[in-house]
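The structure under discussion appears below in the form of structure tokens.
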Amino acid sequence: MTRVMASDYMAFAKLESGARFSLATSGVANAEFADLGPLPELTLHGDNIYGWPPLLEAIADRFGIGANNVVTATGTAFANHLAFAAMVQPGDEVLIETPAYELLVSALKYLGASLSIFARRADQAWRLDPSVVIAAITPRTRLVVLTNLHNPSSHLAPLAEIALIAQAAARVGAHVVVDEVYLELMAGPHGAIPTSFTPGGNIVVTSSLTKAYGLTGLRCGWILAPAELAHRMWRLNDLFGSTANHPGEQLSLWAFGRLAGLRARATAILEENRAAYRAILGGHPALEQTTFEHGTTVFPRLTHEGGDHFFRRLKADFETSVVPGRFFGEPNHIRIGLGADPAMTRTGLERLAKALG
Ligand SMILES: Cc1ncc(COP(=O)(O)O)c(C=O)c1O
């Protein structure tokens, strides 16, 4: 079998998804340095051979775990790749959700995993049904992969349901990777995240500050893993980038101290955009809405047109973009992002409504 050597979705996202009114992104609008307050003095180098201890400790403290459970990485994208690479051998059976974030699928295929899928269903608002996942686990399953919040639908899975899946995976000696990059949006009043990670279990969590706080450029990502597995990931990382960009680590630590302000900014943007979505597209006859309460993205079905055709028309005639559902394995759907600048988002949604007719 030829190994996958590229991500079609990432090429689309980088080269084709841009538009004057882009609803194709899943993150909160980019913050500026000014949103981080007066910056600290940076040093060019630091003691960061297997992570920079102050940053490891800041991440560990946030989740009430040990620094030996934390591996830092360049964004959730590389956190996923490193976590998979440390756990998956060519030919290993990996069970992954569908619809799925394409980069998870491509990275696993690149590593030579043998993929099987379990479905989340549109008519159940894409909920994670533990009984469906558990029925798909076999004695050969090495890893189960899911996102929480779900990309593309933003569905939130209860922790108890992820725990049931993890228990079933443990019975066949498998791990569960939960990509929690959008769970950062669900922080409680004191910033606590309802993570599914527990140090003694078989769940590995990946996440970053990129999506929920508008800090894409910082690339501050991490893996939470049982200590022995985290150690294995650090050693494997020596084959990839070896050590991290130290000024970036210092800025990431600085950002951890300022998440409350960034979260307030994100909440204001999202509330305005969700209200605009409901006002402009709620109940539109050309869209089967999926309900959404959380997150930055909505994943409705087009009733009259395929997602690719609609995307081309929307971009050419209305200077507006979304993500065609094909990239998530659902060609009649589109993913609409609600994290961008509110004025641009409102106009994009109005143009989208016009394109729907
Ligand atoms: C589910 C999921 N994981 C990971 C990523 C990549 O995140 P990062 O920018 O932190 O690398 C994305 C980006 O869209 C995503 O949707």
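Scheme for the structure tokens: letters A, B, ... for chains in order shown; per-chain residue numbers from 1; ligand numbers from 1 in order shown.
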
Contacts of segment 94-111 of chain A within 10 Å, only C-alpha atoms, excl. fewer than 4 positions in-chain, as a PyMOL selection string: chain A and resi 2-10+77-78+80-82+84-85+88-90+115-122+126+128+133+136-138+140-147+150-153+174-177+179+325-330

Spatial neighbours of Ala230 of chain A, max dist 7 Å, only C-alpha atoms, sep filter under 3 positions, as a count of residues only: 9

DSSP alpha helix (DSSP H) residues within segment 37-278 of chain A, listed as a PyMOL selection string: chain A and resi 53-63+75-87+102-110+130-136+159-171+210-213+227-237+246-256+259-278

Atom pair atom CA of Thr43 of chain A / atom CA of Phe63 of chain A: separation (Å):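 So the two atoms, atom CA of Thr43 of chain A and atom CA of Phe63 of chain A, lie 27.0 Å apart.
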
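For the set A:Arg346, A:Arg301, A:Lys315, A:Arg263, the residue with the smallest atom-to-atom gap to Arg20 of chain A is A:Lys315, counting only C-alpha atoms.
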
Between atom CA of Thr72 of chain A and atom 11 (O, counted along the ligand's line) of ligand 1, distance in Å (one decimal):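 Value for the atom CA of Thr72 of chain A-atom 11 (O, counted along the ligand's line) of ligand 1 distance: 11.9 Å.
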
Segment 270-277 of chain A surroundings by only C-alpha atoms, 12 Å radius, close-in-sequence under 4 positions cut, as a PyMOL selection string: chain A and resi 23+26-29+185+212-214+263-266+281-284+289+291-298+300+336-353

Distance in Å - atom CA of Gly91 of chain A versus atom 6 (C, counted along the ligand's line) of ligand 1: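 Taking atom CA of Gly91 of chain A and atom 6 (C, counted along the ligand's line) of ligand 1, their separation equals 24.8 Å.
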
Polymer residues at most 7 Å from segment 308-314 of chain A, only C-alpha atoms, same-chain spacing of 6 or more positions, as a PyMOL selection string: chain A and resi 320-322+324+352+355

How would the residues just chosen look if you wrote them out with N, CA and C atoms as a short mmCIF file (atom, residue, chain, number, x, y, z; two decimals), in the first residue's frame?
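Written out: again.cif:
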data_model
loop_
_atom_site.label_atom_id
_atom_site.label_comp_id
_atom_site.auth_asym_id
_atom_site.auth_seq_id
_atom_site.Cartn_x
_atom_site.Cartn_y
_atom_site.Cartn_z
N THR A 320 -17.10 34.50 -0.39
CA THR A 320 -17.25 33.92 0.95
C THR A 320 -16.83 32.45 0.91
N SER A 321 -16.23 31.97 2.00
CA SER A 321 -15.80 30.56 2.00
C SER A 321 -16.24 29.83 3.26
N VAL A 322 -16.44 28.53 3.08
CA VAL A 322 -16.71 27.60 4.17
C VAL A 322 -15.82 26.38 3.87
N PRO A 324 -15.92 22.59 2.55
CA PRO A 324 -16.81 21.54 2.01
C PRO A 324 -16.75 20.29 2.89
N LEU A 352 -23.79 34.00 2.62
CA LEU A 352 -24.09 32.56 2.56
C LEU A 352 -25.59 32.33 2.41
N ALA A 355 -26.56 33.00 -1.10
CA ALA A 355 -26.13 31.90 -1.99
C ALA A 355 -27.05 30.70 -1.85
#

Residue among A:Lys14, A:Arg62, A:Lys211, A:His333 lying closest to ligand 1, counting only C-alpha atoms and all ligand atoms: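 For ligand 1, the nearest of the given residues is A:Lys211.
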